[in-house]
Each structure stands twice: as structure tokens, then as C-alpha cells.
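Single-structure report; data block below.
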Amino acid sequence: MQGGQLSPDGLWQWNGTEWVPAQSNTPPAAAIQMSPHEGSAHQPSQVAYQQQGAPQQIVQSVNQIPNEQSQPQLIYQNTQSNGSLIAVGVIVGLVILVAITVVLAGVLYVWASSLAEGNTDGNLTLISMTAEDAQGSPSWETDDALIRVTMIEGTDLSWAAISVQISIDNGALVTCDKAEDGSGDCVLVQFGSNTDDQDWSAGEGVTIKENGKALCDTTTDCAIEVTIIDTREGKIIDTSSAIAS
């Protein structure tokens with residue numbers, strides 16, 4: 001290789017032994033400012049370098065930044081609508097739950113009220129009565145003892161606030177008064193631990209007797225239904241039945 005030969009890029013020169021930086025009187029490369037691409041505010045200019053006396057080389061540095069129109073669009077999923085649907089679902093569920101609770105409360109109230117037909121003085125206390133055949137058999141007489149009714153449990157019942165009625169063989173209702181006050185077709189004779197007070201208490205009872213009229217005769221047994229009514233509330237306290245035979 002002959003000395004003084006330049007490298008293809010013109011930056012090195014062979015001195016016969018090694019490559020050394022080229023000593024050139026060529027003026028420095030002239031920078032030519034290229035106008036920006038029209039319509040792109042963000043596109044950088046292109047710079048071309050031309051070296052006199054050497055093959056033309058263009059070093060182009062283009063770091064194009066996409067303009068706003070060509071930038072990819074970011075798509076955001078609207079989660080607010082999903083959140084609104086969830087909130088509406090929760091509210092509807094709560095409304096349904098409240099409605100079910102109200103319905104169940106009403107059912108329980110009706111059930112408790114039916115069990116508390118024997119309630120007096122506003123207390124939720126059950127009255128339990130039992131009826132059985134009285135001693136002796138019905139006859140043509142008009143003072144036969146028919147059946148006995150005993151309070152098994154419950155609060156005291158004031159005699160002034162109750163009415164005792166009987167129906168014989170599904171016949172018309174007949175009201176029975178206490179023996180000392182009775183003027184109807186049947187009377188109530190108390191028995192138990194305390195028959196002098198004004199209340200009917202648990203463990204006490206009454207014997208229902210004819211009072212001047214033969215309600216049952218000897219031809220057949222009498223099916224007697226006894227109904228005890230709270231005259232202040234107009235409610236039935238208890239209904240029981242027995243056979244007088």
C-alpha cells in the first residue's frame with residue numbers, strides 16, 4: 001500500500017507503516033439545516049453533512065416523534081357504570097331482604113296472636129282449660145250436673161269480665177251464670193281452693209248444672225261444647241268439650 005493513501009472515510013492516512021489521522025486542508029464539513037417536515041410540529045430537522053472533495057456522505061439523524069394525530073389512542077374502560085350496576089344490585093337485594101323480614105314478622109305476629117286468644121290484661125299468657133263428664137247421669141230432672149271445666153294453667157280471669165256459654169249437640173248457645181247470680185237455664189258451681197274471690201284461678205273449676213230446665217235427658221248422651229269469652233275484648237279465651245253421659 002502506497003503511503004499517503006486515505007481511508008475510505010477520509011479520516012485516516014497510511015504513512016507506509018501504520019494508519020495515522022489524516023492531515024487534510026479540506027475545510028470542515030458545512031452543516032446544512034434542512035427545513036422541518038411541513039405539518040409536523042414535533043418532527044426534528046434533518047442535518048446533512050457534505051464534505052468537499054470527497055464522496056458525498058449524508059448522515060441523517062431522524063428520531064421521528066409521531067405527531068398527535070398518529071399517536072395511538074389509549075382506551076380506558078369505564079368502570080363507573082359497572083360500579084353503578086353493583087350498587088343497584090346491592091340496594092335491590094337489601095329491599096328484598098327487608099320485605100321478606102316484614103312478611104315473616106307479620107306471619108309470626110298472627111301466629112302468636114292466635115296462640116294468645118286467652119290473653120287478658122294485655123299479657124301474653126295462655127289459658128288452658130279441660131272439660132270432663134260430671135258425676136251422675138243426665139235424667140228428666142232439671143238440676144242435673146252435666147260437665148266440669150277446670151283451668152289447668154294461665155292467669156286469673158275476673159268473673160266480671162268473662163262469659164261462659166254452652167252448646168248442647170250443636171244447638172243454640174246458652175249462657176251460664178254463677179250459681180248465686182244465675183237466672184238462666186244453666187248455672188256455674190265453683191270448686192277449688194278459693195271459691196270466695198272474684199277470680200277464676202289455675203287449679204279451680206266449675207260444674208255446669210241445669211237450672212230449672214232439662215237440657216239433657218236419658219235417651220242419649222249429650223255432646224256439650226263450652227266457650228269462655230272475654231267480654232271486654234270480645235275474644236274467645238278457650239273452647240273445650242265433653243260428653244255428659
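By order in the C-alpha cells, chains are A, B, ...; within a chain, residues start at 1; ligands start at 1, following the order shown.
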- Task: Write out as a VMD selection string which residues come within 7 Å of stretch 168-184 of chain A when counting only C-alpha atoms, dropping same-chain ones fewer than 2 positions away.
- Result: chain A and resid 164 to 166 186 to 189 211 222 to 225
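Minimum atom-to-atom distance to A:Ile162, evaluated using only C-alpha atoms, belongs to A:Gln198 out of A:Gln198, A:Asn15, A:Ser7, A:Ser114.
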Can you pull out the residues contacting A:Trp14? Cut-off 10 Å, using only C-alpha atoms, and skip same-chain residues under 2 positions away; I want them as a compact mmCIF listing (two decimals) with N, CA and C atoms, in the first residue's frame.
```
# COMPACT_ATOMS: atom_id res chain seq x y z
N MET A 1 0.86 -1.17 0.00
CA MET A 1 0.00 0.00 0.00
C MET A 1 0.90 1.22 0.00
N GLN A 2 0.56 2.14 -0.90
CA GLN A 2 1.39 3.32 -1.03
C GLN A 2 1.12 4.28 0.11
N GLY A 3 2.14 4.98 0.49
CA GLY A 3 1.97 5.96 1.55
C GLY A 3 1.15 7.14 1.09
N GLY A 4 0.48 7.71 2.03
CA GLY A 4 -0.36 8.86 1.75
C GLY A 4 -1.76 8.52 1.30
N GLN A 5 -2.05 7.22 1.22
CA GLN A 5 -3.41 6.83 0.80
C GLN A 5 -4.38 7.04 1.94
N LEU A 6 -5.55 7.60 1.61
CA LEU A 6 -6.59 7.86 2.62
C LEU A 6 -7.54 6.67 2.75
N SER A 7 -8.01 6.60 3.93
CA SER A 7 -9.04 5.55 4.16
C SER A 7 -10.33 5.97 3.48
N TRP A 12 -8.37 8.76 7.98
CA TRP A 12 -7.07 8.13 8.27
C TRP A 12 -6.19 8.12 7.00
N GLY A 16 2.80 4.39 5.27
CA GLY A 16 3.70 3.33 4.83
C GLY A 16 3.93 2.31 5.91
N THR A 17 3.63 2.69 7.14
CA THR A 17 3.84 1.75 8.25
C THR A 17 2.55 1.50 9.03
N GLU A 18 1.83 2.59 9.23
CA GLU A 18 0.59 2.47 10.02
C GLU A 18 -0.37 3.57 9.61
N TRP A 19 -1.58 3.41 10.08
CA TRP A 19 -2.62 4.41 9.83
C TRP A 19 -2.53 5.50 10.89
N VAL A 20 -2.49 6.74 10.35
CA VAL A 20 -2.44 7.90 11.25
C VAL A 20 -3.54 8.84 10.84
N PRO A 21 -3.97 9.74 11.78
CA PRO A 21 -5.02 10.71 11.42
C PRO A 21 -4.62 11.48 10.19
N ALA A 22 -5.56 11.64 9.29
CA ALA A 22 -5.29 12.30 8.01
C ALA A 22 -5.09 13.78 8.23
```
- Message: Among stretch 147-218 of chain A, which ones does DSSP assign to strand (DSSP E or B) (computed from the backbone)? Answer as a count of residues only.
- Response: 36
- For A:Gln190, which residue among A:Val206, A:Leu97, A:Leu115, A:Leu85 is the nearest when counting only C-alpha atoms? A:Val206
With only C-alpha atoms as the counted atoms, please give the residues lying no more than 8 Å from A:Cys216, apart from itself and same-chain residues fewer than 6 positions off, as a short mmCIF file (atom, residue, chain, number, x, y, z; two decimals) with N, CA and C atoms, in the first residue's frame.
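In the end it all went to selection_17.cif:
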```cif
data_model
loop_
_atom_site.label_atom_id
_atom_site.label_comp_id
_atom_site.auth_asym_id
_atom_site.auth_seq_id
_atom_site.Cartn_x
_atom_site.Cartn_y
_atom_site.Cartn_z
N PRO A 138 -127.35 -37.77 83.23
CA PRO A 138 -128.50 -36.89 82.95
C PRO A 138 -129.83 -37.66 83.14
N SER A 139 -130.83 -36.95 83.56
CA SER A 139 -132.16 -37.53 83.77
C SER A 139 -133.22 -36.53 83.31
N TRP A 140 -134.45 -36.84 83.63
CA TRP A 140 -135.53 -35.93 83.30
C TRP A 140 -135.63 -34.78 84.30
N CYS A 222 -125.19 -36.44 75.82
CA CYS A 222 -125.18 -35.05 75.36
C CYS A 222 -123.73 -34.60 75.08
#
```
- Would you mind reading off the distance between atom CA of A:Ser241 and atom CA of A:Gly192, one decimal, in Å? 20.2 Å
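A straight line drawn from atom CA of A:Thr231 to atom CA of A:Ala161 is 5.5 Å long.
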